[in-house]
Amino acid sequence: MIKFVGFGNILRLANDPIFLKALTNTMTFLIVQVPVMILLALILASALNMPGLRARRFWRTAIFLPCVTSLVAYSVLFKSMFSYDGVVNHLLDAMGIIGEPISWLTDPFWAKVVIILAITWRWTGYNMIFYLAALQNIDKSIYEAARIDGISPAKQFFSITIPMLKPVILFTTVTSTIGTLQLFDESMNITLGGPADSTLTLSMYIYNLSFKFVPNFGYATTVSWFIVFMVAILAVIQFWLARERTV
């Protein structure tokens, strides 16, 4: 039996503590992970574009490989690495950084850190490929003219490279934002949204509403539309910030 609820599901969002928790977690991942991933991808691309770099193909393949790795395989890898008696705690203890093992997967703060590291490790190489392609297409005569004029490498990077990469930066930022707002796989496979819903995302909440809890497809659809509107609003803001400004 279908029951018409009008705007009931929309009004329910503001009073749903689980939804608000999932929204907070998703926005935390977005604010922290996307800038880190974009910056790291740009740094790695710049390093791979350096003339005279040895084993360029090897490093390029090694950095890109995680994004084509089996989701199950890399999830199992991260769960094993960051378990209480995993290799990460052993290495940190051997280096004298920690005195006792860190509960990576059972502490709310550290669980978020693990998810951010997993997303960054998996998708940084994907964004790096776009930056590397863009860097290789910049006319080298521009840099030669800059060197003749005595412009330092640092100033060349910020005054020439960054403006030339603006379309790619916009593209990777928008796609990374969309991907993070739809984050599901890492949280589901590594932490199951826990502990205490600390890594529960909006996409996971939609899954729970549809298949795990008593099915509520109407409310799950409302949360889905909320993600769609967030993606649209953030994309518009990013395009507005990246628009060409004229004096």
# chains A, B, ... in the order shown; residues from 1 in each chain; ligands from 1

call {"tool": "residues_around", "arguments": {"residues": "stretch 26-42 of chain A", "least_positions_apart": "2", "cutoff": "6 Å", "atoms": "only C-alpha atoms", "output": "number ranges by chain"}}
result
A: 23-24, 44-45, 116, 120, 124, 127-128, 180, 201

call {"tool": "closest_atom_pairs", "arguments": {"of": "stretch 102-141 of chain A", "to": "stretch 157-160 of chain A", "cutoff": "12 Å", "atoms": "only C-alpha atoms", "output": "tab-separated table"}}
result
residue	atom	partner	partner_atom	distance
A:Leu135	CA	A:Ile160	CA	10.7
A:Ile138	CA	A:Ile160	CA	9.4
A:Asp139	CA	A:Ile160	CA	10.6
A:Lys140	CA	A:Ile160	CA	10.9
A:Ser141	CA	A:Ile160	CA	11.6

call {"tool": "write_last_selection", "arguments": {"atoms": "all heavy atoms", "output": "compact mmCIF listing (two decimals), in the first residue's frame"}}
result
# COMPACT_ATOMS: atom_id res chain seq x y z
N LEU A 135 50.39 19.05 -17.98
CA LEU A 135 51.74 19.62 -17.86
C LEU A 135 52.56 19.35 -19.11
O LEU A 135 53.33 20.22 -19.55
CB LEU A 135 52.44 19.02 -16.63
CG LEU A 135 51.96 19.50 -15.26
CD1 LEU A 135 52.56 18.64 -14.15
CD2 LEU A 135 52.33 20.96 -15.05
N ILE A 138 51.86 21.85 -22.00
CA ILE A 138 52.20 23.27 -21.89
C ILE A 138 53.42 23.56 -22.76
O ILE A 138 54.42 22.84 -22.70
CB ILE A 138 52.48 23.65 -20.42
CG1 ILE A 138 51.23 23.45 -19.56
CG2 ILE A 138 52.94 25.11 -20.33
CD1 ILE A 138 51.44 23.74 -18.09
N ASP A 139 53.33 24.60 -23.56
CA ASP A 139 54.42 24.96 -24.47
C ASP A 139 55.68 25.30 -23.68
O ASP A 139 55.68 26.19 -22.82
CB ASP A 139 53.98 26.18 -25.31
CG ASP A 139 54.95 26.45 -26.45
OD1 ASP A 139 56.04 25.85 -26.46
OD2 ASP A 139 54.61 27.27 -27.32
N LYS A 140 56.76 24.54 -23.94
CA LYS A 140 58.01 24.73 -23.20
C LYS A 140 58.64 26.10 -23.47
O LYS A 140 59.43 26.60 -22.66
CB LYS A 140 59.00 23.63 -23.57
CG LYS A 140 58.51 22.23 -23.27
CD LYS A 140 58.26 22.04 -21.79
CE LYS A 140 57.88 20.60 -21.46
NZ LYS A 140 56.56 20.23 -22.01
N SER A 141 58.29 26.73 -24.60
CA SER A 141 58.86 28.04 -24.90
C SER A 141 58.42 29.09 -23.89
O SER A 141 59.12 30.09 -23.67
CB SER A 141 58.47 28.48 -26.32
OG SER A 141 57.06 28.64 -26.42

call {"tool": "closest_residue", "arguments": {"among": "A:Glu186, A:Thr199, A:Ser210, A:Tyr131", "to": "A:Pro167", "atoms": "only C-alpha atoms"}}
result
A:Tyr131

call {"tool": "residues_around", "arguments": {"residues": "A:Ser224", "least_positions_apart": "5", "cutoff": "12 Å", "atoms": "only C-alpha atoms", "output": "JSON, numbers by chain"}}
result
{"A": [9, 10, 13, 19, 23, 181, 182, 201, 202, 203, 204, 205, 206, 207, 209, 210, 217, 218, 219, 229, 230, 231]}

call {"tool": "select_by_dssp", "arguments": {"residues": "stretch 29-218 of chain A", "states": "helix (DSSP H, G or I)", "output": "VMD selection string"}}
result
chain A and resid 29 to 48 56 to 68 71 to 81 87 to 94 108 to 136 140 to 148 153 to 164 166 to 181 185 to 191 202 to 212 217 to 218

call {"tool": "atom_distance", "arguments": {"atom1": "atom CA of A:Ile151", "atom2": "atom CA of A:Pro163"}}
result
15.8 Å

call {"tool": "closest_residue", "arguments": {"among": "A:Ile43, A:Ile63, A:Ala220, A:Ile178", "to": "A:Thr161", "atoms": "only C-alpha atoms"}}
result
A:Ile43

call {"tool": "atom_distance", "arguments": {"atom1": "atom CA of A:Val174", "atom2": "atom CA of A:Gln238"}}
result
7.2 Å

call {"tool": "residues_around", "arguments": {"residues": "A:Ser83", "least_positions_apart": "6", "cutoff": "9 Å", "atoms": "only C-alpha atoms", "output": "JSON, numbers by chain"}}
result
{"A": [89, 102, 103, 104, 105]}

call {"tool": "atom_distance", "arguments": {"atom1": "atom CA of A:Leu234", "atom2": "atom CA of A:Lys166"}}
result
17.3 Å

call {"tool": "closest_residue", "arguments": {"among": "A:Val87, A:Leu71, A:Leu53, A:Ile162", "to": "A:Met188", "atoms": "only C-alpha atoms"}}
result
A:Leu71
